[in-house]
>>> print(open('entry.csv').read())   # CSV, C-alpha atoms
chain,number,residue,atom,x,y,z
A,1,MET,CA,-15.5,-6.8,22.9
A,2,ARG,CA,-13.4,-9.9,22.7
A,3,ALA,CA,-9.9,-8.7,23.5
A,4,PRO,CA,-9.4,-6.7,26.7
A,5,ALA,CA,-8.4,-3.1,25.9
A,6,PHE,CA,-5.2,-3.8,27.9
A,7,GLY,CA,-4.2,-6.6,25.6
A,8,VAL,CA,-4.8,-4.4,22.5
A,9,VAL,CA,-2.7,-1.6,24.1
A,10,ALA,CA,0.0,-4.1,25.0
A,11,ALA,CA,0.0,-5.5,21.5
A,12,LEU,CA,0.3,-2.0,20.0
A,13,ALA,CA,3.1,-1.2,22.4
A,14,LEU,CA,4.9,-4.3,21.1
A,15,VAL,CA,4.4,-3.3,17.5
A,16,THR,CA,5.5,0.3,18.0
A,17,GLY,CA,8.3,-0.8,20.2
A,18,CYS,CA,9.7,-3.0,17.6
A,19,ALA,CA,9.2,-0.5,14.7
A,20,SER,CA,12.4,1.2,13.6
A,21,LYS,CA,12.7,5.0,13.7
A,22,PRO,CA,10.7,6.9,11.1
A,23,THR,CA,13.1,7.5,8.3
A,24,PRO,CA,11.3,6.8,5.0
A,25,ILE,CA,13.2,5.4,2.1
A,26,TYR,CA,11.2,7.4,-0.4
A,27,ALA,CA,9.7,10.8,-1.0
A,28,TRP,CA,6.0,10.0,-1.2
A,29,GLY,CA,4.6,13.5,-1.3
A,30,SER,CA,0.9,13.4,-2.4
A,31,TYR,CA,1.1,10.2,-4.5
A,32,GLU,CA,-1.3,8.2,-2.3
A,33,GLN,CA,-3.6,11.1,-1.6
A,34,LEU,CA,-3.9,11.8,-5.3
A,35,ILE,CA,-4.9,8.2,-5.9
A,36,TYR,CA,-7.4,8.4,-3.0
A,37,SER,CA,-8.9,11.6,-4.4
A,38,ALA,CA,-9.2,10.2,-7.9
A,39,TYR,CA,-11.4,7.4,-6.5
A,40,ALA,CA,-13.1,9.0,-3.6
A,41,GLU,CA,-14.0,12.2,-5.3
A,42,PRO,CA,-13.4,11.9,-9.0
A,43,GLY,CA,-12.6,15.2,-10.6
A,44,SER,CA,-11.9,16.9,-7.3
A,45,VAL,CA,-8.3,17.4,-8.4
A,46,ALA,CA,-8.1,18.3,-12.0
A,47,LEU,CA,-5.8,16.2,-14.2
A,48,GLU,CA,-3.4,19.1,-14.9
A,49,GLU,CA,-3.2,19.9,-11.2
A,50,GLN,CA,-2.4,16.3,-10.4
A,51,ILE,CA,0.4,16.5,-12.9
A,52,ASN,CA,1.7,19.9,-11.5
A,53,VAL,CA,1.7,18.6,-7.9
A,54,LEU,CA,3.7,15.5,-8.9
A,55,GLU,CA,6.1,17.5,-11.0
A,56,ASP,CA,6.7,19.9,-8.1
A,57,GLU,CA,7.2,17.1,-5.7
A,58,ARG,CA,9.6,15.4,-8.1
A,59,ASN,CA,11.7,18.6,-8.1
A,60,GLN,CA,11.6,18.8,-4.3
A,61,ALA,CA,12.6,15.2,-4.0
A,62,VAL,CA,15.5,15.7,-6.4
A,63,ALA,CA,16.6,18.7,-4.5
A,64,ALA,CA,16.4,16.8,-1.2
A,65,GLY,CA,18.3,13.9,-2.7
A,66,LEU,CA,15.4,11.5,-2.0
A,67,PRO,CA,14.4,8.7,-4.4
A,68,LEU,CA,10.8,8.6,-5.7
A,69,PRO,CA,8.9,5.4,-4.8
A,70,PRO,CA,8.2,2.4,-6.9
A,71,GLY,CA,5.4,3.1,-9.4
A,72,TRP,CA,5.7,6.8,-9.0
A,73,HIS,CA,7.1,7.6,-12.5
A,74,ALA,CA,4.7,5.1,-14.0
A,75,HIS,CA,1.8,6.8,-12.4
A,76,LEU,CA,2.9,10.2,-13.6
A,77,GLY,CA,3.4,8.7,-17.1
A,78,TYR,CA,-0.2,7.4,-16.9
A,79,LEU,CA,-1.4,11.0,-16.1
A,80,TYR,CA,0.6,12.2,-19.1
A,81,VAL,CA,-1.2,9.6,-21.3
A,82,LEU,CA,-4.5,10.9,-20.0
A,83,SER,CA,-3.5,14.5,-20.9
A,84,GLY,CA,-2.3,13.5,-24.3
A,85,ARG,CA,1.4,14.2,-23.7
A,86,LEU,CA,2.7,10.9,-25.0
A,87,ASP,CA,6.3,11.9,-25.3
A,88,LEU,CA,6.4,12.7,-21.6
A,89,ALA,CA,4.5,9.5,-20.9
A,90,HIS,CA,7.2,7.6,-22.8
A,91,ASP,CA,10.0,9.2,-20.8
A,92,ALA,CA,8.3,8.5,-17.5
A,93,PHE,CA,7.7,4.8,-18.3
A,94,VAL,CA,11.4,4.5,-19.4
A,95,GLU,CA,12.5,6.2,-16.2
A,96,GLU,CA,10.4,3.8,-14.1
A,97,LYS,CA,12.0,0.9,-15.9
A,98,GLY,CA,15.5,2.2,-15.4
A,99,LEU,CA,15.0,2.8,-11.7
A,100,TYR,CA,13.1,-0.4,-11.0
A,101,PRO,CA,14.0,-3.4,-13.2
A,102,GLU,CA,11.0,-5.3,-11.6
A,103,SER,CA,8.7,-3.1,-13.7
A,104,VAL,CA,10.3,-3.9,-17.1
A,105,VAL,CA,7.5,-6.3,-18.3
A,106,PHE,CA,4.8,-3.9,-17.3
A,107,MET,CA,6.5,-0.8,-18.6
A,108,ASP,CA,7.3,-2.4,-21.9
A,109,ARG,CA,3.7,-3.3,-22.3
A,110,LEU,CA,2.7,0.3,-21.5
A,111,LEU,CA,5.3,1.6,-24.0
A,112,ALA,CA,4.0,-0.7,-26.7
A,113,ASN,CA,0.5,0.6,-26.1
A,114,LEU,CA,1.9,4.1,-26.5
A,115,GLY,CA,3.4,3.2,-29.8
A,116,ALA,CA,0.0,1.9,-30.9
A,117,THR,CA,-1.6,5.3,-30.1
A,118,PRO,CA,-1.4,8.0,-32.8
A,119,PRO,CA,1.6,10.3,-32.1
A,120,GLY,CA,1.1,14.0,-31.3
A,121,SER,CA,1.5,16.7,-33.9
A,122,SER,CA,5.0,18.1,-34.5
A,123,GLU,CA,4.0,21.4,-32.7
A,124,ALA,CA,3.1,19.3,-29.7
A,125,SER,CA,6.4,17.5,-29.7
A,126,GLU,CA,8.3,20.8,-29.9
A,127,ALA,CA,6.5,22.0,-26.8
A,128,GLN,CA,7.2,18.8,-25.1
A,129,ASN,CA,10.9,19.0,-25.9
A,130,GLU,CA,11.1,22.4,-24.3
A,131,THR,CA,9.4,21.1,-21.2
A,132,LYS,CA,11.7,18.2,-21.1
A,133,ASN,CA,14.8,20.4,-21.3
A,134,GLU,CA,13.5,22.4,-18.4
A,135,ASP,CA,12.9,19.3,-16.4
A,136,GLN,CA,16.4,18.1,-17.1
A,137,ALA,CA,17.9,21.4,-16.1
A,138,GLY,CA,15.9,21.2,-12.9
A,139,GLU,CA,17.1,17.7,-12.1
A,140,THR,CA,20.8,18.3,-12.7
A,141,SER,CA,20.9,21.4,-10.6
B,1,MET,CA,-20.3,-27.6,48.5
B,2,ASN,CA,-21.3,-24.1,47.7
B,3,SER,CA,-17.8,-22.7,47.5
B,4,ARG,CA,-16.6,-25.1,44.8
B,5,PRO,CA,-18.9,-24.1,41.9
B,6,ARG,CA,-18.2,-20.5,42.7
B,7,SER,CA,-14.4,-20.8,42.6
B,8,LEU,CA,-14.5,-22.7,39.3
B,9,PRO,CA,-15.5,-19.7,37.2
B,10,ALA,CA,-12.8,-17.7,38.9
B,11,ILE,CA,-10.2,-20.3,38.1
B,12,LEU,CA,-11.4,-20.5,34.6
B,13,ALA,CA,-11.3,-16.8,34.2
B,14,ALA,CA,-7.8,-16.7,35.6
B,15,MET,CA,-6.8,-19.4,33.1
B,16,VAL,CA,-8.3,-17.5,30.2
B,17,LEU,CA,-6.4,-14.4,31.3
B,18,LEU,CA,-3.1,-16.3,31.6
B,19,ALA,CA,-3.7,-18.0,28.3
B,20,GLY,CA,-4.4,-14.6,26.8
B,21,CYS,CA,-1.2,-13.2,28.1
B,22,ALA,CA,0.8,-16.2,27.1
B,23,SER,CA,-0.3,-15.8,23.5
B,24,GLN,CA,0.7,-12.1,23.4
B,25,PRO,CA,4.2,-12.7,22.1
B,26,ALA,CA,2.9,-14.1,18.8
B,27,ALA,CA,4.1,-17.5,17.6
B,28,MET,CA,6.8,-17.3,14.9
B,29,TYR,CA,5.2,-17.5,11.5
B,30,ASP,CA,6.3,-20.4,9.3
B,31,TYR,CA,8.3,-18.6,6.7
B,32,THR,CA,9.4,-21.8,4.8
B,33,ALA,CA,7.2,-21.1,1.8
B,34,PHE,CA,8.3,-17.4,1.8
B,35,HIS,CA,11.9,-18.3,1.8
B,36,GLU,CA,11.4,-20.7,-1.1
B,37,HIS,CA,9.8,-18.0,-3.2
B,38,PRO,CA,11.0,-14.6,-1.9
B,39,PRO,CA,9.4,-11.9,-4.1
B,40,ARG,CA,11.0,-8.7,-5.3
B,41,SER,CA,7.8,-7.2,-6.8
B,42,ILE,CA,4.2,-7.3,-5.5
B,43,LEU,CA,1.0,-6.6,-7.4
B,44,VAL,CA,-1.6,-5.3,-5.1
B,45,LEU,CA,-5.1,-6.0,-6.4
B,46,PRO,CA,-8.1,-3.7,-5.5
B,47,PRO,CA,-9.4,-5.2,-2.3
B,48,MET,CA,-12.6,-7.2,-2.0
B,49,ASN,CA,-15.1,-5.5,0.3
B,50,GLU,CA,-17.0,-7.2,3.1
B,51,SER,CA,-17.5,-4.0,5.0
B,52,LEU,CA,-20.6,-1.8,5.0
B,53,SER,CA,-18.7,1.1,3.4
B,54,VAL,CA,-19.0,1.4,-0.4
B,55,ARG,CA,-15.7,3.3,-0.6
B,56,ALA,CA,-13.7,0.7,1.3
B,57,THR,CA,-12.1,-0.9,-1.8
B,58,TYR,CA,-10.5,2.1,-3.4
B,59,SER,CA,-9.9,4.0,-0.2
B,60,TYR,CA,-8.0,1.0,1.2
B,61,LEU,CA,-6.2,0.4,-2.1
B,62,SER,CA,-4.6,3.9,-1.9
B,63,THR,CA,-3.0,3.1,1.5
B,64,VAL,CA,-1.0,0.0,0.7
B,65,SER,CA,1.7,1.2,-1.6
B,66,MET,CA,3.6,3.3,1.0
B,67,PRO,CA,3.8,0.8,3.8
B,68,LEU,CA,4.7,-2.0,1.4
B,69,ALA,CA,7.3,-0.1,-0.6
B,70,GLU,CA,8.8,1.3,2.6
B,71,HIS,CA,9.1,-2.4,3.6
B,72,GLY,CA,11.4,-2.9,0.7
B,73,TYR,CA,9.3,-4.2,-2.2
B,74,TYR,CA,8.6,-3.0,-5.7
B,75,VAL,CA,4.9,-2.2,-5.7
B,76,PHE,CA,3.1,-1.9,-9.0
B,77,PRO,CA,1.3,1.5,-9.5
B,78,VAL,CA,-2.1,0.5,-8.1
B,79,GLN,CA,-4.2,2.9,-10.2
B,80,ILE,CA,-2.8,1.9,-13.5
B,81,VAL,CA,-3.1,-1.8,-12.6
B,82,ASP,CA,-6.7,-1.3,-11.7
B,83,GLU,CA,-7.4,0.6,-15.0
B,84,MET,CA,-5.6,-2.1,-17.0
B,85,LEU,CA,-7.5,-4.9,-15.5
B,86,LYS,CA,-10.8,-3.1,-16.1
B,87,GLU,CA,-9.8,-2.6,-19.7
B,88,ASN,CA,-9.1,-6.3,-19.9
B,89,GLY,CA,-12.7,-7.2,-19.0
B,90,LEU,CA,-12.3,-7.5,-15.2
B,91,PRO,CA,-14.5,-4.7,-13.8
B,92,THR,CA,-14.8,-5.7,-10.2
B,93,PRO,CA,-12.3,-6.7,-7.4
B,94,GLY,CA,-14.0,-10.1,-7.3
B,95,GLU,CA,-13.2,-10.8,-11.0
B,96,MET,CA,-9.7,-9.3,-10.6
B,97,HIS,CA,-9.0,-11.7,-7.7
B,98,ASP,CA,-9.8,-14.6,-10.0
B,99,ILE,CA,-7.2,-13.6,-12.6
B,100,PRO,CA,-5.1,-16.6,-13.5
B,101,LEU,CA,-1.6,-16.3,-12.0
B,102,ASP,CA,0.2,-16.9,-15.2
B,103,ARG,CA,-1.9,-14.2,-16.8
B,104,ALA,CA,-0.9,-11.7,-14.1
B,105,ARG,CA,2.7,-12.7,-14.6
B,106,GLU,CA,2.5,-12.2,-18.3
B,107,ILE,CA,0.8,-8.8,-18.1
B,108,PHE,CA,2.7,-7.3,-15.1
B,109,GLY,CA,5.7,-9.5,-14.5
B,110,ALA,CA,4.8,-9.6,-10.8
B,111,ASP,CA,6.6,-12.1,-8.5
B,112,ALA,CA,3.7,-12.1,-6.0
B,113,ILE,CA,0.1,-10.9,-5.7
B,114,MET,CA,-1.3,-9.4,-2.6
B,115,TYR,CA,-5.0,-10.2,-2.1
B,116,ILE,CA,-6.8,-8.1,0.4
B,117,THR,CA,-10.3,-8.4,1.8
B,118,VAL,CA,-11.6,-5.5,3.8
B,119,GLN,CA,-13.8,-6.7,6.7
B,120,GLN,CA,-14.4,-3.5,8.6
B,121,TYR,CA,-14.1,0.1,7.4
B,122,GLY,CA,-15.5,2.9,9.4
B,123,ASP,CA,-17.4,3.9,12.4
B,124,ARG,CA,-18.6,1.4,14.9
B,125,PHE,CA,-20.7,2.3,17.9
B,126,VAL,CA,-19.8,0.6,21.2
B,127,LEU,CA,-22.2,1.4,24.1
B,128,LEU,CA,-21.1,4.8,25.2
B,129,SER,CA,-18.5,5.7,22.7
B,130,SER,CA,-17.9,5.3,19.0
B,131,SER,CA,-14.8,4.0,17.5
B,132,SER,CA,-13.4,3.9,14.0
B,133,ASP,CA,-12.1,0.5,13.0
B,134,VAL,CA,-10.4,-0.8,10.0
B,135,SER,CA,-9.6,-4.5,9.5
B,136,ALA,CA,-8.6,-6.6,6.6
B,137,ARG,CA,-7.4,-10.1,5.7
B,138,VAL,CA,-4.2,-10.1,3.6
B,139,ARG,CA,-2.7,-12.9,1.6
B,140,LEU,CA,0.5,-12.9,-0.4
B,141,VAL,CA,0.7,-15.6,-3.2
B,142,ASP,CA,3.7,-16.5,-5.4
B,143,THR,CA,2.7,-16.2,-9.0
B,144,ARG,CA,4.9,-19.0,-10.3
B,145,THR,CA,3.6,-21.7,-8.0
B,146,GLY,CA,0.4,-20.3,-6.5
B,147,THR,CA,1.8,-20.9,-3.1
B,148,LEU,CA,0.6,-18.8,-0.2
B,149,ILE,CA,3.9,-17.3,1.0
B,150,TRP,CA,2.6,-15.0,3.7
B,151,GLY,CA,-0.6,-13.7,5.2
B,152,GLY,CA,-2.1,-11.9,8.2
B,153,HIS,CA,-4.8,-9.7,9.6
B,154,ALA,CA,-4.5,-6.0,9.4
B,155,TYR,CA,-6.2,-4.0,12.1
B,156,ALA,CA,-6.3,-0.4,13.5
B,157,SER,CA,-8.7,1.4,15.6
B,158,ASP,CA,-9.2,5.0,16.9
B,159,SER,CA,-10.9,4.0,20.1
B,160,ALA,CA,-9.7,5.6,23.3
B,161,GLY,CA,-6.3,4.7,24.5
B,162,MET,CA,-5.1,3.5,21.2
B,163,SER,CA,-2.9,6.0,19.4
B,164,GLY,CA,-0.8,5.3,16.4
B,165,GLY,CA,2.3,6.6,18.1
B,166,LEU,CA,5.4,5.8,16.1
B,167,LEU,CA,3.3,4.3,13.2
B,168,ASP,CA,1.6,7.7,12.7
B,169,GLN,CA,5.1,9.3,12.8
B,170,VAL,CA,6.3,7.0,10.1
B,171,ILE,CA,3.2,7.9,8.0
B,172,ALA,CA,3.7,11.6,8.6
B,173,ALA,CA,7.4,11.4,7.8
B,174,ALA,CA,6.7,9.7,4.5
B,175,ILE,CA,4.4,12.5,3.4
B,176,LEU,CA,6.6,15.3,2.1
B,177,GLN,CA,4.0,17.9,1.6
B,178,GLY,CA,0.3,17.0,1.4
B,179,ILE,CA,-2.0,18.7,-1.0
B,180,LYS,CA,-5.4,19.7,0.4
B,181,SER,CA,-6.1,16.5,2.2
B,182,THR,CA,-9.5,14.9,2.0
B,183,ARG,CA,-8.4,11.8,3.9
B,184,ASP,CA,-11.1,10.5,6.2
B,185,ASP,CA,-10.4,8.7,9.5
B,186,SER,CA,-10.7,5.2,8.0
B,187,HIS,CA,-8.3,6.1,5.3
B,188,ARG,CA,-5.7,7.2,7.8
B,189,LEU,CA,-6.3,4.1,9.8
B,190,SER,CA,-5.8,1.8,6.8
B,191,SER,CA,-2.2,3.1,6.4
B,192,ARG,CA,-1.6,2.4,10.1
B,193,ALA,CA,-3.2,-1.1,9.9
B,194,ASN,CA,-0.9,-2.0,7.0
B,195,LEU,CA,2.2,-0.7,8.6
B,196,ALA,CA,1.4,-2.5,11.8
B,197,LEU,CA,0.7,-5.8,10.0
B,198,PHE,CA,3.9,-5.7,7.9
B,199,ARG,CA,6.0,-4.8,10.9
B,200,ARG,CA,4.5,-7.1,13.5
B,201,SER,CA,7.2,-9.1,15.4
B,202,ASN,CA,7.5,-12.7,14.6
B,203,ASN,CA,4.8,-12.9,12.0
B,204,GLY,CA,5.2,-9.7,10.0
B,205,LEU,CA,6.3,-9.6,6.4
B,206,PRO,CA,10.1,-10.2,5.8
B,207,PHE,CA,11.8,-7.0,4.6
B,208,GLY,CA,12.1,-6.8,0.8
B,209,PRO,CA,15.2,-6.1,-1.4
B,210,TYR,CA,15.0,-2.3,-1.2
B,211,ALA,CA,15.0,-2.2,2.6
B,212,GLU,CA,18.2,-1.6,4.6
B,213,ASN,CA,17.5,-4.8,6.5
B,214,ALA,CA,16.5,-6.9,3.4
B,215,GLY,CA,15.6,-10.5,4.2
B,216,GLU,CA,15.2,-9.9,8.0
B,217,ILE,CA,12.0,-10.8,9.8
B,218,PRO,CA,10.4,-7.9,11.7
>>> encode(input="entry.csv", output="structure tokens")
Amino acid sequence: MRAPAFGVVAALALVTGCASKPTPIYAWGSYEQLIYSAYAEPGSVALEEQINVLEDERNQAVAAGLPLPPGWHAHLGYLYVLSGRLDLAHDAFVEEKGLYPESVVFMDRLLANLGATPPGSSEASEAQNETKNEDQAGETS
Amino acid sequence: MNSRPRSLPAILAAMVLLAGCASQPAAMYDYTAFHEHPPRSILVLPPMNESLSVRATYSYLSTVSMPLAEHGYYVFPVQIVDEMLKENGLPTPGEMHDIPLDRAREIFGADAIMYITVQQYGDRFVLLSSSSDVSARVRLVDTRTGTLIWGGHAYASDSAGMSGGLLDQVIAAAILQGIKSTRDDSHRLSSRANLALFRRSNNGLPFGPYAENAGEIP
């Protein structure tokens, strides 16, 4: 080994010594683990379960008063697209754009792509509106 | 006459040791280019893989968002970015890394692109013990000018005597409530390697606009 273990430990002590105390800015929940699972073991977590986990964690984050991280709403929107719930996808992309103006170019592109996809049936939109109302109630409480 | 050649290696060894110690407080990184093009948003491309592990690219990719966003940057959703690039005819990380900067700007609106090459990912056997090592080269490039604005080498190891300490606490604190976790050792180490690289004194990544200490150098 090139570097003596002592040096490595000293370097790490330096790094950790300078690190600020662990207070995360965002509620990350399972965001990165879900992405990991999707690639490492595709299908190990079903699409609907991924959505449920993220929806639950969103409610927890709102309750705890913690912001959700950059890309989070966009990612949930992408899962909604995969599950065919385009209205919810639309709302998620708009939410991402509102929270993080840096995402406007990308979100507008995703929203435009949504518009190009055939819209869901009227029954589906009714069901989505109900879900949306529940979500809003959850967020305002 | 016999004593001189013997002492020479000793002196050399002492010098190497001293030099090694002197270089411990890392030299201050030249942040001129960074300050000329400070990014708000960073597009993390799926890493190139030089390691022996076939899962390195995507396992590593899923450990960059948290440390980078916690550092104060807008990080584009990595999985959608990957999907979109694949749909646009770029199926491999190598091809994605060759995407013209103006095209990346046009599609994503990203201020900077983070290019990562994973060098080591996984178990390595060293004489009597095994250790798990993760290392990667990281470059951050301004999409308007193509200027390299920051870079470094991420490294973490699980060998004896090297605990994540506070870094692991940061990672643990960021995870609200994990679902059934399938994370392997290398995956956990990647988060730590990134966190350590971004926060390294004197040559870490300057804090981004969403951090409390935005603009400061770690």
>>> closest_residue(input="entry.csv", among="A:Gly84, A:Pro69, A:Pro101, A:Gly43", to="A:Glu57", atoms="only C-alpha atoms")
A:Pro69
>>> residues_near_point(input="entry.csv", point="(5.8, 4.2, -9.6)", cutoff="10 Å", atoms="all atoms listed in the file", output="list in words")
Tyr31, Leu68, Pro69, Pro70, Gly71, Trp72, His73, Ala74, His75, Leu76, Gly77, Tyr78, Ala92, Phe93, Glu95, Glu96, Lys97, Leu99, Tyr100 and Ser103 of chain A; Ser65, Tyr74, Val75, Phe76, Pro77, Val78 and Ile80 of chain B
>>> atom_distance(input="entry.csv", atom1="atom CA of B:Tyr29", atom2="atom CA of B:Thr57")
27.4 Å
>>> closest_atom_pairs(input="entry.csv", of="stretch 63-128 of chain B", to="stretch 136-143 of chain B", cutoff="7 Å", atoms="all atoms listed in the file", output="Markdown table")
| residue | atom | partner | partner_atom | distance |
| --- | --- | --- | --- | --- |
| B:Leu101 | CA | B:Thr143 | CA | 5.2 |
| B:Asp102 | CA | B:Thr143 | CA | 6.7 |
| B:Arg105 | CA | B:Thr143 | CA | 6.6 |
| B:Asp111 | CA | B:Thr143 | CA | 5.7 |
| B:Ala112 | CA | B:Asp142 | CA | 4.4 |
| B:Ile113 | CA | B:Val141 | CA | 5.4 |
| B:Met114 | CA | B:Leu140 | CA | 4.5 |
| B:Tyr115 | CA | B:Arg139 | CA | 5.1 |
| B:Ile116 | CA | B:Val138 | CA | 4.6 |
| B:Thr117 | CA | B:Arg137 | CA | 5.1 |
| B:Val118 | CA | B:Ala136 | CA | 4.2 |
| B:Gln119 | CA | B:Ala136 | CA | 5.2 |
| B:Gln120 | CA | B:Ala136 | CA | 6.9 |
>>> atom_distance(input="entry.csv", atom1="atom CA of A:Phe106", atom2="atom CA of A:Val53")
24.6 Å
>>> residues_around(input="entry.csv", residues="A:Asn52", least_positions_apart="4", cutoff="12 Å", atoms="only C-alpha atoms", output="list in words")
Ser30, Tyr31, Leu34, Val45, Ala46, Leu47, Glu48, Asp56, Glu57, Arg58, Asn59, Leu76, Leu79 and Tyr80 of chain A; Ile179 of chain B
>>> atom_distance(input="entry.csv", atom1="atom CA of B:Val81", atom2="atom CA of A:Pro24")
24.3 Å
>>> closest_residue(input="entry.csv", among="B:Pro67, B:Gly152, B:Gly109, B:Pro91", to="chain A", atoms="only C-alpha atoms")
B:Gly109
>>> closest_residue(input="entry.csv", among="A:Leu86, A:Ala63, A:Ile51, A:Met107", to="chain B", atoms="all atoms listed in the file")
A:Met107
>>> residues_near_point(input="entry.csv", point="(4.8, -5.6, -21.3)", cutoff="12 Å", atoms="only C-alpha atoms", output="PyMOL selection string")
(chain A and resi 93+97+102-114) or (chain B and resi 84+103-110)
>>> residues_around(input="entry.csv", residues="B:Gly208", least_positions_apart="3", cutoff="9 Å", atoms="all atoms listed in the file", output="PyMOL selection string")
chain B and resi 38-41+68-74+205+211-216
>>> write_last_selection(input="entry.csv", atoms="C-alpha atoms", output="PDB file, in the coordinates of the input")
ATOM      1  CA  PRO B  38      11.000 -14.600  -1.900  1.00  0.00           C
ATOM      2  CA  PRO B  39       9.400 -11.900  -4.100  1.00  0.00           C
ATOM      3  CA  ARG B  40      11.000  -8.700  -5.300  1.00  0.00           C
ATOM      4  CA  SER B  41       7.800  -7.200  -6.800  1.00  0.00           C
ATOM      5  CA  LEU B  68       4.700  -2.000   1.400  1.00  0.00           C
ATOM      6  CA  ALA B  69       7.300  -0.100  -0.600  1.00  0.00           C
ATOM      7  CA  GLU B  70       8.800   1.300   2.600  1.00  0.00           C
ATOM      8  CA  HIS B  71       9.100  -2.400   3.600  1.00  0.00           C
ATOM      9  CA  GLY B  72      11.400  -2.900   0.700  1.00  0.00           C
ATOM     10  CA  TYR B  73       9.300  -4.200  -2.200  1.00  0.00           C
ATOM     11  CA  TYR B  74       8.600  -3.000  -5.700  1.00  0.00           C
ATOM     12  CA  LEU B 205       6.300  -9.600   6.400  1.00  0.00           C
ATOM     13  CA  ALA B 211      15.000  -2.200   2.600  1.00  0.00           C
ATOM     14  CA  GLU B 212      18.200  -1.600   4.600  1.00  0.00           C
ATOM     15  CA  ASN B 213      17.500  -4.800   6.500  1.00  0.00           C
ATOM     16  CA  ALA B 214      16.500  -6.900   3.400  1.00  0.00           C
ATOM     17  CA  GLY B 215      15.600 -10.500   4.200  1.00  0.00           C
ATOM     18  CA  GLU B 216      15.200  -9.900   8.000  1.00  0.00           C
TER      19      GLU B 216
END
>>> closest_residue(input="entry.csv", among="B:Ser135, B:Tyr60, B:Asn88, B:Glu50", to="chain A", atoms="all atoms listed in the file")
B:Tyr60
>>> closest_residue(input="entry.csv", among="B:Asp82, B:Met66, B:Ala33, B:Ser51", to="chain A", atoms="all atoms listed in the file")
B:Met66
